[in-house]
$ cat target_12.pdb   # PDB, C-alpha atoms
ATOM      1  CA  MET A   1      -6.690  11.839  -0.365  1.00  0.00           C
ATOM      2  CA  TYR A   2      -2.976  11.842  -1.272  1.00  0.00           C
ATOM      3  CA  LYS A   3      -0.547  10.851   1.484  1.00  0.00           C
ATOM      4  CA  THR A   4       3.218  10.591   1.467  1.00  0.00           C
ATOM      5  CA  ILE A   5       4.906   7.265   2.120  1.00  0.00           C
ATOM      6  CA  GLU A   6       6.103   8.646   5.466  1.00  0.00           C
ATOM      7  CA  GLN A   7       2.540   9.583   6.475  1.00  0.00           C
ATOM      8  CA  ILE A   8       1.320   6.133   5.429  1.00  0.00           C
ATOM      9  CA  HIS A   9       4.023   4.351   7.435  1.00  0.00           C
ATOM     10  CA  ASN A  10       3.076   6.391  10.510  1.00  0.00           C
ATOM     11  CA  GLU A  11      -0.694   6.072  10.156  1.00  0.00           C
ATOM     12  CA  TYR A  12      -0.919   2.448   8.968  1.00  0.00           C
ATOM     13  CA  ASN A  13       2.031   0.957  10.855  1.00  0.00           C
ATOM     14  CA  GLY A  14       1.675  -2.824  11.024  1.00  0.00           C
ATOM     15  CA  LYS A  15      -0.836  -3.016   8.154  1.00  0.00           C
ATOM     16  CA  TRP A  16      -0.783  -4.108   4.519  1.00  0.00           C
ATOM     17  CA  VAL A  17      -1.633  -1.100   2.377  1.00  0.00           C
ATOM     18  CA  PHE A  18      -2.856  -0.739  -1.218  1.00  0.00           C
ATOM     19  CA  LEU A  19      -2.309   2.604  -2.953  1.00  0.00           C
ATOM     20  CA  ILE A  20      -3.655   3.954  -6.224  1.00  0.00           C
ATOM     21  CA  ASN A  21      -2.631   7.105  -8.106  1.00  0.00           C
ATOM     22  CA  CYS A  22       0.953   6.713  -6.916  1.00  0.00           C
ATOM     23  CA  ILE A  23       3.437   9.497  -7.579  1.00  0.00           C
ATOM     24  CA  GLU A  24       7.182   8.977  -8.024  1.00  0.00           C
ATOM     25  CA  ASP A  25       9.933  11.198  -6.687  1.00  0.00           C
ATOM     26  CA  ASP A  26      12.959  12.353  -8.696  1.00  0.00           C
ATOM     27  CA  PHE A  27      14.664   9.010  -8.025  1.00  0.00           C
ATOM     28  CA  HIS A  28      11.706   6.973  -9.424  1.00  0.00           C
ATOM     29  CA  SER A  29      10.707   5.715  -5.980  1.00  0.00           C
ATOM     30  CA  ILE A  30       7.072   5.896  -4.888  1.00  0.00           C
ATOM     31  CA  ALA A  31       6.648   9.128  -2.908  1.00  0.00           C
ATOM     32  CA  GLY A  32       2.998   8.608  -2.026  1.00  0.00           C
ATOM     33  CA  GLY A  33      -0.487   7.911  -3.257  1.00  0.00           C
ATOM     34  CA  GLU A  34      -4.100   7.436  -2.284  1.00  0.00           C
ATOM     35  CA  VAL A  35      -4.730   4.716   0.340  1.00  0.00           C
ATOM     36  CA  VAL A  36      -7.801   2.726  -0.698  1.00  0.00           C
ATOM     37  CA  LEU A  37      -7.314  -0.516   1.260  1.00  0.00           C
ATOM     38  CA  TYR A  38      -5.496  -1.556   4.407  1.00  0.00           C
ATOM     39  CA  ASP A  39      -5.681  -4.520   6.767  1.00  0.00           C
ATOM     40  CA  ASP A  40      -3.610  -6.603   9.174  1.00  0.00           C
ATOM     41  CA  ARG A  41      -3.899  -9.519   6.764  1.00  0.00           C
ATOM     42  CA  ARG A  42      -2.303  -9.392   3.329  1.00  0.00           C
ATOM     43  CA  ASP A  43      -4.792 -11.871   1.855  1.00  0.00           C
ATOM     44  CA  ARG A  44      -7.712  -9.564   2.647  1.00  0.00           C
ATOM     45  CA  VAL A  45      -6.047  -6.655   0.876  1.00  0.00           C
ATOM     46  CA  LEU A  46      -5.139  -8.797  -2.136  1.00  0.00           C
ATOM     47  CA  CYS A  47      -8.701 -10.114  -2.390  1.00  0.00           C
ATOM     48  CA  GLU A  48     -10.252  -6.643  -2.197  1.00  0.00           C
ATOM     49  CA  MET A  49      -7.841  -5.267  -4.819  1.00  0.00           C
ATOM     50  CA  GLU A  50     -10.023  -6.938  -7.452  1.00  0.00           C
ATOM     51  CA  ARG A  51     -12.400  -3.953  -7.181  1.00  0.00           C
ATOM     52  CA  TYR A  52      -9.666  -1.724  -8.617  1.00  0.00           C
ATOM     53  CA  LYS A  53      -8.599  -3.923 -11.542  1.00  0.00           C
ATOM     54  CA  ASP A  54      -9.935  -1.422 -14.101  1.00  0.00           C
ATOM     55  CA  GLU A  55      -8.366   1.587 -12.360  1.00  0.00           C
ATOM     56  CA  ILE A  56      -5.978   3.375 -14.706  1.00  0.00           C
ATOM     57  CA  SER A  57      -3.204   4.439 -12.358  1.00  0.00           C
ATOM     58  CA  ASP A  58       0.074   3.359 -10.832  1.00  0.00           C
ATOM     59  CA  THR A  59      -0.590   1.117  -7.841  1.00  0.00           C
ATOM     60  CA  LEU A  60       1.419  -0.312  -4.965  1.00  0.00           C
ATOM     61  CA  VAL A  61       0.882  -2.910  -2.230  1.00  0.00           C
ATOM     62  CA  PHE A  62       3.267  -2.888   0.717  1.00  0.00           C
ATOM     63  CA  TYR A  63       3.612  -3.519   4.436  1.00  0.00           C
ATOM     64  CA  ALA A  64       3.783  -0.280   6.431  1.00  0.00           C
ATOM     65  CA  GLY A  65       6.339  -0.399   9.205  1.00  0.00           C
ATOM     66  CA  LYS A  66       8.843  -3.045  10.166  1.00  0.00           C
ATOM     67  CA  MET A  67       8.074  -6.509   8.827  1.00  0.00           C
ATOM     68  CA  PRO A  68       7.301  -8.855  11.755  1.00  0.00           C
ATOM     69  CA  GLU A  69       9.889 -11.474  12.587  1.00  0.00           C
ATOM     70  CA  GLY A  70       9.255 -14.789  10.863  1.00  0.00           C
ATOM     71  CA  VAL A  71       7.321 -13.260   7.926  1.00  0.00           C
ATOM     72  CA  SER A  72       8.759 -13.662   4.421  1.00  0.00           C
ATOM     73  CA  VAL A  73       7.618 -11.962   1.254  1.00  0.00           C
ATOM     74  CA  LEU A  74       8.315 -13.093  -2.297  1.00  0.00           C
ATOM     75  CA  LEU A  75       8.508 -10.406  -4.952  1.00  0.00           C
TER
END
$ encode --input "target_12.pdb" --output "structure tokens"
Amino acid sequence: MYKTIEQIHNEYNGKWVFLINCIEDDFHSIAGGEVVLYDDRRDRVLCEMERYKDEISDTLVFYAGKMPEGVSVLL
């Protein structure tokens, strides 16, 4: 089911989230998508993403909410 980024931040606050079928807004930012994976631990989400490797869609992985202090992310 499609959810907006705002809905995802509210519902999955404090979790790593993987979206498929992402939709962009007029400014080419991700406006929302379909949540297929979420977990407290990023490594679990990244490992499970393998199931969607053949999915033909725009995807996104991100942390919903405020990043905890002391956590760094490389892009």
$ atom_distance --input "target_12.pdb" --atom1 "CA of Leu74 (chain A)" --atom2 "CA of Lys3 (chain A)"
25.8 Å
$ residues_around --input "target_12.pdb" --residues "Tyr2 (chain A)" --least-positions-apart "5" --cutoff "10 Å" --atoms "all atoms listed in the file" --output "short mmCIF file (atom, residue, chain, number, x, y, z; two decimals) with C-alpha atoms, keeping the file's coordinate frame"
data_model
loop_
_atom_site.label_atom_id
_atom_site.label_comp_id
_atom_site.auth_asym_id
_atom_site.auth_seq_id
_atom_site.Cartn_x
_atom_site.Cartn_y
_atom_site.Cartn_z
CA GLN A 7 2.54 9.58 6.48
CA ILE A 8 1.32 6.13 5.43
CA LEU A 19 -2.31 2.60 -2.95
CA ILE A 20 -3.66 3.95 -6.22
CA ASN A 21 -2.63 7.10 -8.11
CA CYS A 22 0.95 6.71 -6.92
CA ILE A 23 3.44 9.50 -7.58
CA GLY A 32 3.00 8.61 -2.03
CA GLY A 33 -0.49 7.91 -3.26
CA GLU A 34 -4.10 7.44 -2.28
CA VAL A 35 -4.73 4.72 0.34
#
$ resolve_selection --input "target_12.pdb" --expression "the PyMOL selection byres ((chain A and resi 62) around 9)" --output "VMD selection string"
chain A and resid 15 to 19 42 60 to 61 63 to 64
$ write_last_selection --input "target_12.pdb" --atoms "C-alpha atoms" --output "mmCIF file, in the frame of the given file"
data_model
loop_
_atom_site.group_PDB
_atom_site.id
_atom_site.type_symbol
_atom_site.label_atom_id
_atom_site.label_comp_id
_atom_site.auth_asym_id
_atom_site.auth_seq_id
_atom_site.Cartn_x
_atom_site.Cartn_y
_atom_site.Cartn_z
ATOM 1 C CA LYS A 15 -0.836 -3.016 8.154
ATOM 2 C CA TRP A 16 -0.783 -4.108 4.519
ATOM 3 C CA VAL A 17 -1.633 -1.100 2.377
ATOM 4 C CA PHE A 18 -2.856 -0.739 -1.218
ATOM 5 C CA LEU A 19 -2.309 2.604 -2.953
ATOM 6 C CA ARG A 42 -2.303 -9.392 3.329
ATOM 7 C CA LEU A 60 1.419 -0.312 -4.965
ATOM 8 C CA VAL A 61 0.882 -2.910 -2.230
ATOM 9 C CA TYR A 63 3.612 -3.519 4.436
ATOM 10 C CA ALA A 64 3.783 -0.280 6.431
#
$ residues_around --input "target_12.pdb" --residues "Met67 (chain A)" --least-positions-apart "5" --cutoff "10 Å" --atoms "only C-alpha atoms" --output "PyMOL selection string"
chain A and resi 13-15+72-73
$ axis_aligned_box --input "target_12.pdb" --around "region 40-56 of chain A" --padding-each-side "8 Å" --output "JSON"
{"center_x": -7.4, "center_y": -4.2, "center_z": -2.8, "size_x": 26.1, "size_y": 31.2, "size_z": 39.9}
$ atom_distance --input "target_12.pdb" --atom1 "CA of His9 (chain A)" --atom2 "CA of Asp25 (chain A)"
16.8 Å
$ closest_residue --input "target_12.pdb" --among "A:Glu55, A:Asp39, A:Glu24, A:Glu69" --to "Ile5 (chain A)" --atoms "all atoms listed in the file"
A:Glu24
$ atom_distance --input "target_12.pdb" --atom1 "CA of Ile56 (chain A)" --atom2 "CA of Asn10 (chain A)"
27.0 Å
$ build_atoms --input "target_12.pdb" --residues "region 31-42 of chain A" --atoms "all heavy atoms" --output "PDB file, in the frame of the given file"
ATOM      1  N   ALA A  31       6.640   8.086  -3.930  1.00  0.00           N
ATOM      2  CA  ALA A  31       6.648   9.128  -2.908  1.00  0.00           C
ATOM      3  C   ALA A  31       5.355   9.147  -2.111  1.00  0.00           C
ATOM      4  O   ALA A  31       5.312   9.629  -0.987  1.00  0.00           O
ATOM      5  CB  ALA A  31       6.871  10.488  -3.553  1.00  0.00           C
ATOM      6  N   GLY A  32       4.283   8.610  -2.706  1.00  0.00           N
ATOM      7  CA  GLY A  32       2.998   8.608  -2.026  1.00  0.00           C
ATOM      8  C   GLY A  32       1.886   8.207  -2.970  1.00  0.00           C
ATOM      9  O   GLY A  32       2.127   7.844  -4.118  1.00  0.00           O
ATOM     10  N   GLY A  33       0.671   8.275  -2.459  1.00  0.00           N
ATOM     11  CA  GLY A  33      -0.487   7.911  -3.257  1.00  0.00           C
ATOM     12  C   GLY A  33      -1.745   7.991  -2.415  1.00  0.00           C
ATOM     13  O   GLY A  33      -1.738   8.531  -1.314  1.00  0.00           O
ATOM     14  N   GLU A  34      -2.796   7.424  -2.950  1.00  0.00           N
ATOM     15  CA  GLU A  34      -4.100   7.436  -2.284  1.00  0.00           C
ATOM     16  C   GLU A  34      -4.352   6.057  -1.670  1.00  0.00           C
ATOM     17  O   GLU A  34      -4.420   5.062  -2.381  1.00  0.00           O
ATOM     18  CB  GLU A  34      -5.177   7.759  -3.321  1.00  0.00           C
ATOM     19  CG  GLU A  34      -6.552   7.844  -2.783  1.00  0.00           C
ATOM     20  CD  GLU A  34      -7.566   8.133  -3.884  1.00  0.00           C
ATOM     21  OE1 GLU A  34      -7.189   8.623  -4.960  1.00  0.00           O
ATOM     22  OE2 GLU A  34      -8.747   7.838  -3.650  1.00  0.00           O
ATOM     23  N   VAL A  35      -4.472   5.981  -0.352  1.00  0.00           N
ATOM     24  CA  VAL A  35      -4.730   4.716   0.340  1.00  0.00           C
ATOM     25  C   VAL A  35      -6.191   4.338   0.127  1.00  0.00           C
ATOM     26  O   VAL A  35      -7.091   5.100   0.477  1.00  0.00           O
ATOM     27  CB  VAL A  35      -4.437   4.820   1.851  1.00  0.00           C
ATOM     28  CG1 VAL A  35      -4.817   3.532   2.560  1.00  0.00           C
ATOM     29  CG2 VAL A  35      -2.989   5.177   2.099  1.00  0.00           C
ATOM     30  N   VAL A  36      -6.419   3.170  -0.483  1.00  0.00           N
ATOM     31  CA  VAL A  36      -7.801   2.726  -0.698  1.00  0.00           C
ATOM     32  C   VAL A  36      -8.125   1.452   0.079  1.00  0.00           C
ATOM     33  O   VAL A  36      -9.292   1.164   0.331  1.00  0.00           O
ATOM     34  CB  VAL A  36      -8.129   2.539  -2.202  1.00  0.00           C
ATOM     35  CG1 VAL A  36      -8.167   3.884  -2.900  1.00  0.00           C
ATOM     36  CG2 VAL A  36      -7.166   1.602  -2.879  1.00  0.00           C
ATOM     37  N   LEU A  37      -7.105   0.702   0.470  1.00  0.00           N
ATOM     38  CA  LEU A  37      -7.314  -0.516   1.260  1.00  0.00           C
ATOM     39  C   LEU A  37      -6.184  -0.665   2.269  1.00  0.00           C
ATOM     40  O   LEU A  37      -5.038  -0.336   1.973  1.00  0.00           O
ATOM     41  CB  LEU A  37      -7.307  -1.756   0.367  1.00  0.00           C
ATOM     42  CG  LEU A  37      -8.356  -1.874  -0.715  1.00  0.00           C
ATOM     43  CD1 LEU A  37      -8.022  -3.023  -1.647  1.00  0.00           C
ATOM     44  CD2 LEU A  37      -9.723  -2.087  -0.100  1.00  0.00           C
ATOM     45  N   TYR A  38      -6.521  -1.192   3.434  1.00  0.00           N
ATOM     46  CA  TYR A  38      -5.496  -1.556   4.407  1.00  0.00           C
ATOM     47  C   TYR A  38      -6.083  -2.579   5.361  1.00  0.00           C
ATOM     48  O   TYR A  38      -7.286  -2.602   5.610  1.00  0.00           O
ATOM     49  CB  TYR A  38      -4.974  -0.331   5.169  1.00  0.00           C
ATOM     50  CG  TYR A  38      -6.014   0.376   5.988  1.00  0.00           C
ATOM     51  CD1 TYR A  38      -6.209   0.034   7.323  1.00  0.00           C
ATOM     52  CD2 TYR A  38      -6.808   1.362   5.434  1.00  0.00           C
ATOM     53  CE1 TYR A  38      -7.177   0.674   8.081  1.00  0.00           C
ATOM     54  CE2 TYR A  38      -7.778   2.001   6.180  1.00  0.00           C
ATOM     55  CZ  TYR A  38      -7.956   1.658   7.494  1.00  0.00           C
ATOM     56  OH  TYR A  38      -8.918   2.279   8.249  1.00  0.00           O
ATOM     57  N   ASP A  39      -5.225  -3.476   5.846  1.00  0.00           N
ATOM     58  CA  ASP A  39      -5.681  -4.520   6.767  1.00  0.00           C
ATOM     59  C   ASP A  39      -4.457  -5.164   7.400  1.00  0.00           C
ATOM     60  O   ASP A  39      -3.356  -5.083   6.869  1.00  0.00           O
ATOM     61  CB  ASP A  39      -6.478  -5.582   5.996  1.00  0.00           C
ATOM     62  CG  ASP A  39      -7.379  -6.403   6.917  1.00  0.00           C
ATOM     63  OD1 ASP A  39      -6.834  -7.168   7.742  1.00  0.00           O
ATOM     64  OD2 ASP A  39      -8.604  -6.287   6.812  1.00  0.00           O
ATOM     65  N   ASP A  40      -4.686  -5.831   8.535  1.00  0.00           N
ATOM     66  CA  ASP A  40      -3.610  -6.603   9.174  1.00  0.00           C
ATOM     67  C   ASP A  40      -3.204  -7.786   8.314  1.00  0.00           C
ATOM     68  O   ASP A  40      -2.062  -8.226   8.377  1.00  0.00           O
ATOM     69  CB  ASP A  40      -4.071  -7.146  10.532  1.00  0.00           C
ATOM     70  CG  ASP A  40      -4.322  -6.052  11.544  1.00  0.00           C
ATOM     71  OD1 ASP A  40      -3.707  -4.978  11.438  1.00  0.00           O
ATOM     72  OD2 ASP A  40      -5.149  -6.272  12.446  1.00  0.00           O
ATOM     73  N   ARG A  41      -4.148  -8.296   7.547  1.00  0.00           N
ATOM     74  CA  ARG A  41      -3.899  -9.519   6.764  1.00  0.00           C
ATOM     75  C   ARG A  41      -3.728  -9.192   5.280  1.00  0.00           C
ATOM     76  O   ARG A  41      -4.589  -8.560   4.665  1.00  0.00           O
ATOM     77  CB  ARG A  41      -5.050 -10.495   6.954  1.00  0.00           C
ATOM     78  CG  ARG A  41      -5.079 -11.052   8.369  1.00  0.00           C
ATOM     79  CD  ARG A  41      -6.172 -12.032   8.600  1.00  0.00           C
ATOM     80  NE  ARG A  41      -6.371 -12.944   7.478  1.00  0.00           N
ATOM     81  CZ  ARG A  41      -7.407 -13.754   7.384  1.00  0.00           C
ATOM     82  NH1 ARG A  41      -8.322 -13.773   8.336  1.00  0.00           N
ATOM     83  NH2 ARG A  41      -7.538 -14.558   6.356  1.00  0.00           N
ATOM     84  N   ARG A  42      -2.616  -9.631   4.737  1.00  0.00           N
ATOM     85  CA  ARG A  42      -2.303  -9.392   3.329  1.00  0.00           C
ATOM     86  C   ARG A  42      -3.353 -10.001   2.417  1.00  0.00           C
ATOM     87  O   ARG A  42      -3.747  -9.386   1.420  1.00  0.00           O
ATOM     88  CB  ARG A  42      -0.912  -9.951   3.008  1.00  0.00           C
ATOM     89  CG  ARG A  42      -0.488  -9.702   1.579  1.00  0.00           C
ATOM     90  CD  ARG A  42       0.831 -10.345   1.287  1.00  0.00           C
ATOM     91  NE  ARG A  42       0.687 -11.785   1.470  1.00  0.00           N
ATOM     92  CZ  ARG A  42       1.677 -12.642   1.427  1.00  0.00           C
ATOM     93  NH1 ARG A  42       2.899 -12.245   1.254  1.00  0.00           N
ATOM     94  NH2 ARG A  42       1.454 -13.926   1.585  1.00  0.00           N
TER      95      ARG A  42
END
